[in-house]
Amino acid sequence: MLRAILTAGAVLAALLAPATAHAEETGQDLPRLTDRHGRVLTLHGWNIEDKTHRGEEALTGITERHLRDLRAKGFDFARLLVFWDDLEPKPGQYSRSYLRKIERILDWAERYDVQVVIDAHQDVFGPAFGHRGIPEWATRTDGLPFTAHPDDWFAEYFEPAVQRAFTHLYEDADLRRAQAGMWRTLATRFAHHPAVLGYDLVNEPMGETRPGEDLATAARRIEREQLTPMYNRLADAVRPADRDAWVFVEPTPIVGEGVPTGLGRVDDPRVVYAPHFYNTAMEAGGDYDPGAGWIEAYERAVTAYPKRYRVPVVVGEWGPLNNALPHMNRFYRDAMASLGRYTSGWAGYVWCYGGGYCAADDTGALRTNKELTVEPYAQSVAGTVRSASYDAGSGVYRLTYRAAPHGSRVTILSLPPGTWRITAADTAHVLRHSPGRAWVLATPGSEVSVSVERG
């Protein structure tokens, strides 16, 4: 999550320039995410995590309730945080217990029809700096200093020891092999699990800045020269074990301020661009400014890479720290409209129960304004999507598509809690309609229109 360390005036003045293009045009014609059967997917969901427990207690903070409640609210997607330091506490020694705990969560996801992306998560590199992620045995600092910043943990990424640790991870041959081995282990274990959609190769990667570089310049260089080859290595590690899963690649968090990424091509047939959608002011607890042009600038910047390399987009994290401020209702409406224009889906941060970033309160009810993330959508479409839109004012969702000429004929709609009325054109009819789901059967090759509205 991006913090206020990035708010240097000279950088932000350039990044937050007013939009000059219509935001609704930026996401047109981007490739769509598909499942193993070729159906077009839309993902709405949340991150699920346990950053507190480790070792034998690792992942015990995630329970079946998380997956059951998430699905019951109308979401079909979870980005599951896992930590290399728990998976491989000693070089070459992988924790069977940790793998079983991951599998247990995936089994719950399968039970509730939630698709999962396994995220190799790191915060401030890892345990050597008081966080989670890359093991201490894989952390090399060359003796450079590190000072903790308890009130602004993101500032710790700019400590010399942390930056040097990233350089060694990217450049040292033995650490490259170890990271690839970690991913090979995960992919081999979970390649055939029905809940697994893909693998997020590293969370919010950072790197080492050079003298005289501003953050935008450093980010583009790190993405171009270090992250791109890393992603190619890790994709190559995954593929022999899992030929169908998507690999999710992230830019640095600097993209959150509207900086186009410097990432190059990842030579894999199933790549997803997976940026995060955070604003520095809101990350520091501030309110949304509807007139600042941030969402428009972000959308313009973040669609450049998928347009160039023809890959789908899934936003891996988003959501403000304080969702109850006066303009947050507007933020959620603007954000949902923007995400609907160019992404194949998103995962909010984070599905937990309480305050702060949590999606739900202690009773399980969605917290203020987070209910605006709940809307009907086409979970999977057996055909080519022509248009899909939800009007929050009228509460009406409309989908048009050309049904596939062969293969699956069933399109699945995901429905929030409540009573919904579903109508389909003459070329299709509603097979079943149950709480949380509807199935639409279409004539092969036909043009189909479906509408969903509250009953």
# chains A, B, ... in the order shown; residues from 1 in each chain; ligands from 1

$ closest_atom_pairs --of "range 61-177 of chain A" --to "range 358-365 of chain A" --cutoff "12 Å" --atoms "only C-alpha atoms" --output "tab-separated table"
residue	atom	partner	partner_atom	distance
A:Arg65	CA	A:Gly364	CA	9.6
A:His66	CA	A:Gly364	CA	9.5
A:Leu67	CA	A:Gly364	CA	12.0
A:Arg68	CA	A:Gly364	CA	10.9
A:Asp69	CA	A:Gly364	CA	7.5
A:Leu70	CA	A:Gly364	CA	9.5
A:Ala72	CA	A:Gly364	CA	10.6
A:Lys73	CA	A:Ala365	CA	9.2

$ write_last_selection --atoms "N, CA and C atoms" --output "JSON list (two decimals), in the first residue's frame"
[["chain", "number", "residue", "atom", "x", "y", "z"],
["A", 65, "ARG", "N", -15.12, -19.04, 7.50],
["A", 65, "ARG", "CA", -16.06, -17.92, 7.50],
["A", 65, "ARG", "C", -15.67, -16.87, 6.47],
["A", 66, "HIS", "N", -14.38, -16.60, 6.31],
["A", 66, "HIS", "CA", -13.95, -15.59, 5.36],
["A", 66, "HIS", "C", -14.47, -15.90, 3.96],
["A", 67, "LEU", "N", -14.30, -17.14, 3.51],
["A", 67, "LEU", "CA", -14.74, -17.51, 2.17],
["A", 67, "LEU", "C", -16.26, -17.58, 2.07],
["A", 68, "ARG", "N", -16.90, -18.08, 3.12],
["A", 68, "ARG", "CA", -18.36, -18.19, 3.11],
["A", 68, "ARG", "C", -19.01, -16.80, 3.07],
["A", 69, "ASP", "N", -18.52, -15.89, 3.91],
["A", 69, "ASP", "CA", -19.10, -14.55, 3.95],
["A", 69, "ASP", "C", -18.83, -13.77, 2.67],
["A", 70, "LEU", "N", -17.62, -13.91, 2.16],
["A", 70, "LEU", "CA", -17.26, -13.22, 0.93],
["A", 70, "LEU", "C", -18.20, -13.62, -0.21],
["A", 72, "ALA", "N", -21.19, -15.00, 0.11],
["A", 72, "ALA", "CA", -22.57, -14.65, 0.43],
["A", 72, "ALA", "C", -22.88, -13.18, 0.12],
["A", 73, "LYS", "N", -21.86, -12.33, 0.14],
["A", 73, "LYS", "CA", -22.07, -10.92, -0.18],
["A", 73, "LYS", "C", -22.05, -10.65, -1.68]]

$ atom_distance --atom1 "CA of Glu136 in chain A" --atom2 "CA of Phe190 in chain A"
25.3 Å

$ select_by_dssp --residues "range 77-291 of chain A" --states "alpha helix (DSSP H)" --output "MDAnalysis selection string"
chainID A and resid 84:87 96:111 160:171 173:190 215:222 228:238 280:283

$ residues_around --residues "range 45-51 of chain A" --least-positions-apart "4" --cutoff "8 Å" --atoms "only C-alpha atoms" --output "PyMOL selection string"
chain A and resi 58-62+66+70+75-82+132+316-317+346-352

$ write_last_selection --atoms "N, CA and C atoms" --output "mmCIF file, in the first residue's frame"
data_model
loop_
_atom_site.group_PDB
_atom_site.id
_atom_site.type_symbol
_atom_site.label_atom_id
_atom_site.label_comp_id
_atom_site.auth_asym_id
_atom_site.auth_seq_id
_atom_site.Cartn_x
_atom_site.Cartn_y
_atom_site.Cartn_z
ATOM 1 N N ALA A 58 0.845 -20.220 11.351
ATOM 2 C CA ALA A 58 0.643 -19.480 10.107
ATOM 3 C C ALA A 58 -0.714 -19.796 9.487
ATOM 4 N N LEU A 59 -1.361 -18.757 8.981
ATOM 5 C CA LEU A 59 -2.643 -18.828 8.264
ATOM 6 C C LEU A 59 -3.828 -19.221 9.128
ATOM 7 N N THR A 60 -3.632 -19.351 10.430
ATOM 8 C CA THR A 60 -4.768 -19.720 11.283
ATOM 9 C C THR A 60 -5.758 -18.568 11.429
ATOM 10 N N GLY A 61 -5.347 -17.350 11.062
ATOM 11 C CA GLY A 61 -6.270 -16.223 11.118
ATOM 12 C C GLY A 61 -7.283 -16.215 9.988
ATOM 13 N N ILE A 62 -7.084 -17.055 8.976
ATOM 14 C CA ILE A 62 -8.052 -17.187 7.876
ATOM 15 C C ILE A 62 -8.908 -18.406 8.159
ATOM 16 N N HIS A 66 -14.380 -16.602 6.313
ATOM 17 C CA HIS A 66 -13.949 -15.588 5.357
ATOM 18 C C HIS A 66 -14.468 -15.900 3.956
ATOM 19 N N LEU A 70 -17.617 -13.912 2.156
ATOM 20 C CA LEU A 70 -17.262 -13.217 0.927
ATOM 21 C C LEU A 70 -18.202 -13.620 -0.210
ATOM 22 N N PHE A 75 -19.405 -11.877 -3.958
ATOM 23 C CA PHE A 75 -18.069 -11.825 -4.529
ATOM 24 C C PHE A 75 -17.600 -13.240 -4.885
ATOM 25 N N ASP A 76 -16.760 -13.335 -5.917
ATOM 26 C CA ASP A 76 -16.338 -14.655 -6.385
ATOM 27 C C ASP A 76 -14.824 -14.828 -6.443
ATOM 28 N N PHE A 77 -14.065 -13.913 -5.833
ATOM 29 C CA PHE A 77 -12.628 -13.871 -6.048
ATOM 30 C C PHE A 77 -11.904 -13.561 -4.757
ATOM 31 N N ALA A 78 -10.770 -14.248 -4.533
ATOM 32 C CA ALA A 78 -9.911 -13.952 -3.387
ATOM 33 C C ALA A 78 -8.458 -13.965 -3.834
ATOM 34 N N ARG A 79 -7.736 -12.984 -3.391
ATOM 35 C CA ARG A 79 -6.279 -12.942 -3.574
ATOM 36 C C ARG A 79 -5.677 -13.351 -2.241
ATOM 37 N N LEU A 80 -5.091 -14.544 -2.213
ATOM 38 C CA LEU A 80 -4.606 -15.145 -0.975
ATOM 39 C C LEU A 80 -3.135 -14.827 -0.768
ATOM 40 N N LEU A 81 -2.831 -14.127 0.334
ATOM 41 C CA LEU A 81 -1.462 -13.775 0.653
ATOM 42 C C LEU A 81 -0.745 -14.962 1.275
ATOM 43 N N VAL A 82 0.391 -15.349 0.679
ATOM 44 C CA VAL A 82 1.271 -16.357 1.281
ATOM 45 C C VAL A 82 2.667 -15.751 1.380
ATOM 46 N N ARG A 132 6.989 -9.242 6.691
ATOM 47 C CA ARG A 132 6.817 -10.591 6.170
ATOM 48 C C ARG A 132 7.205 -10.628 4.702
ATOM 49 N N GLY A 316 -5.075 -5.686 -8.221
ATOM 50 C CA GLY A 316 -4.870 -6.637 -7.137
ATOM 51 C C GLY A 316 -5.185 -6.119 -5.751
ATOM 52 N N GLU A 317 -5.135 -4.791 -5.553
ATOM 53 C CA GLU A 317 -5.494 -4.198 -4.259
ATOM 54 C C GLU A 317 -6.042 -2.804 -4.513
ATOM 55 N N TRP A 346 -11.097 -7.124 -9.929
ATOM 56 C CA TRP A 346 -10.349 -6.463 -8.869
ATOM 57 C C TRP A 346 -10.510 -7.215 -7.552
ATOM 58 N N ALA A 347 -9.551 -6.972 -6.667
ATOM 59 C CA ALA A 347 -9.614 -7.481 -5.293
ATOM 60 C C ALA A 347 -9.410 -6.307 -4.351
ATOM 61 N N GLY A 348 -10.429 -5.991 -3.563
ATOM 62 C CA GLY A 348 -10.304 -4.936 -2.569
ATOM 63 C C GLY A 348 -9.393 -5.370 -1.430
ATOM 64 N N TYR A 349 -8.928 -4.387 -0.688
ATOM 65 C CA TYR A 349 -8.093 -4.680 0.479
ATOM 66 C C TYR A 349 -8.824 -4.179 1.734
ATOM 67 N N VAL A 350 -9.232 -5.075 2.617
ATOM 68 C CA VAL A 350 -8.962 -6.486 2.746
ATOM 69 C C VAL A 350 -10.190 -7.117 3.404
ATOM 70 N N TRP A 351 -10.453 -8.411 3.159
ATOM 71 C CA TRP A 351 -11.603 -9.055 3.782
ATOM 72 C C TRP A 351 -11.240 -9.483 5.205
ATOM 73 N N CYS A 352 -11.609 -8.629 6.144
ATOM 74 C CA CYS A 352 -11.418 -8.936 7.554
ATOM 75 C C CYS A 352 -12.544 -8.260 8.317
#

$ select_by_dssp --residues "range 403-435 of chain A" --states "strand (DSSP E)" --output "JSON list (two decimals) with N, CA, C and O atoms, in the first residue's frame"
[["chain", "number", "residue", "atom", "x", "y", "z"],
["A", 403, "ALA", "N", -22.93, -15.41, -28.22],
["A", 403, "ALA", "CA", -22.72, -16.73, -27.65],
["A", 403, "ALA", "C", -21.69, -17.52, -28.45],
["A", 403, "ALA", "O", -21.62, -17.40, -29.69],
["A", 410, "VAL", "N", -23.36, -21.96, -21.25],
["A", 410, "VAL", "CA", -23.94, -21.41, -20.02],
["A", 410, "VAL", "C", -23.12, -20.23, -19.52],
["A", 410, "VAL", "O", -21.91, -20.33, -19.29],
["A", 411, "THR", "N", -23.79, -19.10, -19.35],
["A", 411, "THR", "CA", -23.21, -17.91, -18.74],
["A", 411, "THR", "C", -23.69, -17.81, -17.30],
["A", 411, "THR", "O", -24.87, -18.06, -17.02],
["A", 412, "ILE", "N", -22.78, -17.47, -16.41],
["A", 412, "ILE", "CA", -23.11, -17.41, -14.98],
["A", 412, "ILE", "C", -23.09, -15.96, -14.51],
["A", 412, "ILE", "O", -22.11, -15.24, -14.72],
["A", 413, "LEU", "N", -24.18, -15.53, -13.89],
["A", 413, "LEU", "CA", -24.27, -14.20, -13.31],
["A", 413, "LEU", "C", -24.11, -14.31, -11.80],
["A", 413, "LEU", "O", -24.66, -15.21, -11.16],
["A", 414, "SER", "N", -23.35, -13.39, -11.23],
["A", 414, "SER", "CA", -23.19, -13.32, -9.78],
["A", 414, "SER", "C", -24.11, -12.22, -9.26],
["A", 414, "SER", "O", -24.08, -11.09, -9.75],
["A", 420, "TRP", "N", -33.80, -10.51, -7.22],
["A", 420, "TRP", "CA", -33.44, -9.97, -8.51],
["A", 420, "TRP", "C", -34.33, -10.55, -9.60],
["A", 420, "TRP", "O", -34.68, -11.72, -9.57],
["A", 421, "ARG", "N", -34.66, -9.72, -10.57],
["A", 421, "ARG", "CA", -35.43, -10.15, -11.74],
["A", 421, "ARG", "C", -34.50, -10.17, -12.94],
["A", 421, "ARG", "O", -33.87, -9.17, -13.27],
["A", 422, "ILE", "N", -34.43, -11.30, -13.61],
["A", 422, "ILE", "CA", -33.51, -11.49, -14.73],
["A", 422, "ILE", "C", -34.32, -11.76, -15.98],
["A", 422, "ILE", "O", -35.19, -12.64, -16.01],
["A", 423, "THR", "N", -34.05, -11.01, -17.04],
["A", 423, "THR", "CA", -34.70, -11.23, -18.32],
["A", 423, "THR", "C", -33.64, -11.41, -19.38],
["A", 423, "THR", "O", -32.57, -10.80, -19.33],
["A", 424, "ALA", "N", -33.95, -12.28, -20.37],
["A", 424, "ALA", "CA", -33.02, -12.57, -21.45],
["A", 424, "ALA", "C", -33.76, -12.48, -22.78],
["A", 424, "ALA", "O", -34.98, -12.68, -22.85],
["A", 428, "ALA", "N", -31.98, -16.71, -25.69],
["A", 428, "ALA", "CA", -31.46, -17.27, -24.45],
["A", 428, "ALA", "C", -32.57, -17.35, -23.42],
["A", 428, "ALA", "O", -33.60, -16.67, -23.53],
["A", 429, "HIS", "N", -32.36, -18.19, -22.42],
["A", 429, "HIS", "CA", -33.31, -18.21, -21.31],
["A", 429, "HIS", "C", -32.58, -18.54, -20.02],
["A", 429, "HIS", "O", -31.47, -19.10, -20.04],
["A", 430, "VAL", "N", -33.18, -18.16, -18.92],
["A", 430, "VAL", "CA", -32.60, -18.37, -17.60],
["A", 430, "VAL", "C", -32.85, -19.80, -17.18],
["A", 430, "VAL", "O", -34.00, -20.22, -17.02],
["A", 431, "LEU", "N", -31.76, -20.56, -17.03],
["A", 431, "LEU", "CA", -31.90, -21.96, -16.62],
["A", 431, "LEU", "C", -32.34, -22.08, -15.18],
["A", 431, "LEU", "O", -33.28, -22.79, -14.85],
["A", 432, "ARG", "N", -31.59, -21.41, -14.33],
["A", 432, "ARG", "CA", -31.88, -21.45, -12.89],
["A", 432, "ARG", "C", -31.57, -20.09, -12.31],
["A", 432, "ARG", "O", -30.73, -19.35, -12.80],
["A", 433, "HIS", "N", -32.22, -19.80, -11.22],
["A", 433, "HIS", "CA", -31.97, -18.55, -10.50],
["A", 433, "HIS", "C", -32.07, -18.89, -9.02],
["A", 433, "HIS", "O", -33.13, -19.26, -8.53],
["A", 434, "SER", "N", -30.94, -18.81, -8.34],
["A", 434, "SER", "CA", -30.91, -19.13, -6.92],
["A", 434, "SER", "C", -30.21, -17.99, -6.21],
["A", 434, "SER", "O", -29.61, -17.13, -6.85]]

$ closest_residue --among "A:Thr343, A:Gln179, A:Gln115, A:Ser389" --to "Glu299 in chain A" --atoms "only C-alpha atoms"
A:Thr343

$ closest_residue --among "A:Leu43, A:Ala178, A:Met336, A:Leu321" --to "Met282 in chain A" --atoms "only C-alpha atoms"
A:Leu321

$ closest_atom_pairs --of "range 231-251 of chain A" --to "range 191-197 of chain A" --cutoff "9 Å" --atoms "only C-alpha atoms" --output "tab-separated table"
residue	atom	partner	partner_atom	distance
A:Ala241	CA	A:Ala191	CA	6.5
A:Asp242	CA	A:Ala191	CA	5.0
A:Arg243	CA	A:Ala191	CA	8.3
A:Asp244	CA	A:Ala191	CA	8.2
A:Ala245	CA	A:Leu197	CA	5.6
A:Trp246	CA	A:Leu197	CA	6.4
A:Val247	CA	A:Leu197	CA	9.0

$ residues_around --residues "range 231-235 of chain A" --least-positions-apart "3" --cutoff "8 Å" --atoms "only C-alpha atoms" --output "list of chain:residue names"
A:Gln179, A:Ala180, A:Trp183, A:Leu201, A:Leu227, A:Thr228, A:Val238, A:Arg239, A:Val247, A:Val249, A:Val266, A:Asp267, A:Asp268

$ write_last_selection --atoms "N, CA, C and O atoms" --output "PDB file, in the first residue's frame"
ATOM      1  N   GLN A 179      14.209 -18.197  -5.536  1.00  0.00           N
ATOM      2  CA  GLN A 179      12.878 -17.636  -5.768  1.00  0.00           C
ATOM      3  C   GLN A 179      12.117 -18.468  -6.803  1.00  0.00           C
ATOM      4  O   GLN A 179      10.923 -18.747  -6.646  1.00  0.00           O
ATOM      5  N   ALA A 180      12.799 -18.884  -7.856  1.00  0.00           N
ATOM      6  CA  ALA A 180      12.167 -19.744  -8.857  1.00  0.00           C
ATOM      7  C   ALA A 180      11.765 -21.077  -8.246  1.00  0.00           C
ATOM      8  O   ALA A 180      10.688 -21.619  -8.545  1.00  0.00           O
ATOM      9  N   TRP A 183       8.518 -20.773  -6.327  1.00  0.00           N
ATOM     10  CA  TRP A 183       7.338 -20.756  -7.189  1.00  0.00           C
ATOM     11  C   TRP A 183       7.096 -22.120  -7.834  1.00  0.00           C
ATOM     12  O   TRP A 183       5.943 -22.540  -8.015  1.00  0.00           O
ATOM     13  N   LEU A 201       3.152 -13.067  -8.820  1.00  0.00           N
ATOM     14  CA  LEU A 201       4.524 -13.504  -8.632  1.00  0.00           C
ATOM     15  C   LEU A 201       5.273 -12.762  -7.532  1.00  0.00           C
ATOM     16  O   LEU A 201       6.152 -13.336  -6.894  1.00  0.00           O
ATOM     17  N   LEU A 227      12.595  -6.023 -12.932  1.00  0.00           N
ATOM     18  CA  LEU A 227      11.339  -6.759 -12.773  1.00  0.00           C
ATOM     19  C   LEU A 227      10.987  -7.569 -14.011  1.00  0.00           C
ATOM     20  O   LEU A 227      10.516  -8.709 -13.893  1.00  0.00           O
ATOM     21  N   THR A 228      11.199  -7.011 -15.190  1.00  0.00           N
ATOM     22  CA  THR A 228      10.840  -7.754 -16.402  1.00  0.00           C
ATOM     23  C   THR A 228      11.600  -9.071 -16.505  1.00  0.00           C
ATOM     24  O   THR A 228      10.983 -10.129 -16.708  1.00  0.00           O
ATOM     25  N   VAL A 238       7.092 -21.539 -13.286  1.00  0.00           N
ATOM     26  CA  VAL A 238       5.725 -22.011 -13.059  1.00  0.00           C
ATOM     27  C   VAL A 238       5.259 -22.942 -14.170  1.00  0.00           C
ATOM     28  O   VAL A 238       4.598 -23.958 -13.925  1.00  0.00           O
ATOM     29  N   ARG A 239       5.572 -22.626 -15.423  1.00  0.00           N
ATOM     30  CA  ARG A 239       4.944 -23.272 -16.565  1.00  0.00           C
ATOM     31  C   ARG A 239       5.113 -24.789 -16.653  1.00  0.00           C
ATOM     32  O   ARG A 239       4.154 -25.485 -17.005  1.00  0.00           O
ATOM     33  N   VAL A 247      -0.396 -15.937 -14.880  1.00  0.00           N
ATOM     34  CA  VAL A 247       0.632 -15.341 -14.021  1.00  0.00           C
ATOM     35  C   VAL A 247       0.375 -13.836 -13.973  1.00  0.00           C
ATOM     36  O   VAL A 247       0.238 -13.180 -15.003  1.00  0.00           O
ATOM     37  N   VAL A 249       1.511 -10.099 -12.975  1.00  0.00           N
ATOM     38  CA  VAL A 249       2.747  -9.327 -12.814  1.00  0.00           C
ATOM     39  C   VAL A 249       2.387  -7.908 -12.391  1.00  0.00           C
ATOM     40  O   VAL A 249       1.469  -7.295 -12.931  1.00  0.00           O
ATOM     41  N   VAL A 266       6.523  -9.805 -20.952  1.00  0.00           N
ATOM     42  CA  VAL A 266       6.723 -11.080 -20.272  1.00  0.00           C
ATOM     43  C   VAL A 266       6.310 -12.150 -21.266  1.00  0.00           C
ATOM     44  O   VAL A 266       5.145 -12.216 -21.691  1.00  0.00           O
ATOM     45  N   ASP A 267       7.258 -12.978 -21.664  1.00  0.00           N
ATOM     46  CA  ASP A 267       7.036 -13.929 -22.756  1.00  0.00           C
ATOM     47  C   ASP A 267       6.322 -15.176 -22.257  1.00  0.00           C
ATOM     48  O   ASP A 267       6.909 -16.255 -22.107  1.00  0.00           O
ATOM     49  N   ASP A 268       5.048 -14.994 -21.998  1.00  0.00           N
ATOM     50  CA  ASP A 268       4.202 -16.081 -21.529  1.00  0.00           C
ATOM     51  C   ASP A 268       2.817 -15.853 -22.119  1.00  0.00           C
ATOM     52  O   ASP A 268       2.362 -14.699 -22.219  1.00  0.00           O
TER      53      ASP A 268
END

$ closest_residue --among "A:Leu175, A:Val124, A:Val302, A:Ile254" --to "Pro160 in chain A" --atoms "only C-alpha atoms"
A:Val124

$ residues_around --residues "range 376-387 of chain A" --least-positions-apart "4" --cutoff "8 Å" --atoms "only C-alpha atoms" --output "list in words"
Gly38, Arg39, Val40, Leu41, Thr42, Leu43, Gly74, Asp76, Tyr397, Arg398, Leu399, Thr400, Tyr401, Arg402, Ala403, Ala404, Pro405, Ser408, Arg409, Val410, Thr411, Ile412, Leu413, Ser414, Leu415, Pro416 and Val452 of chain A
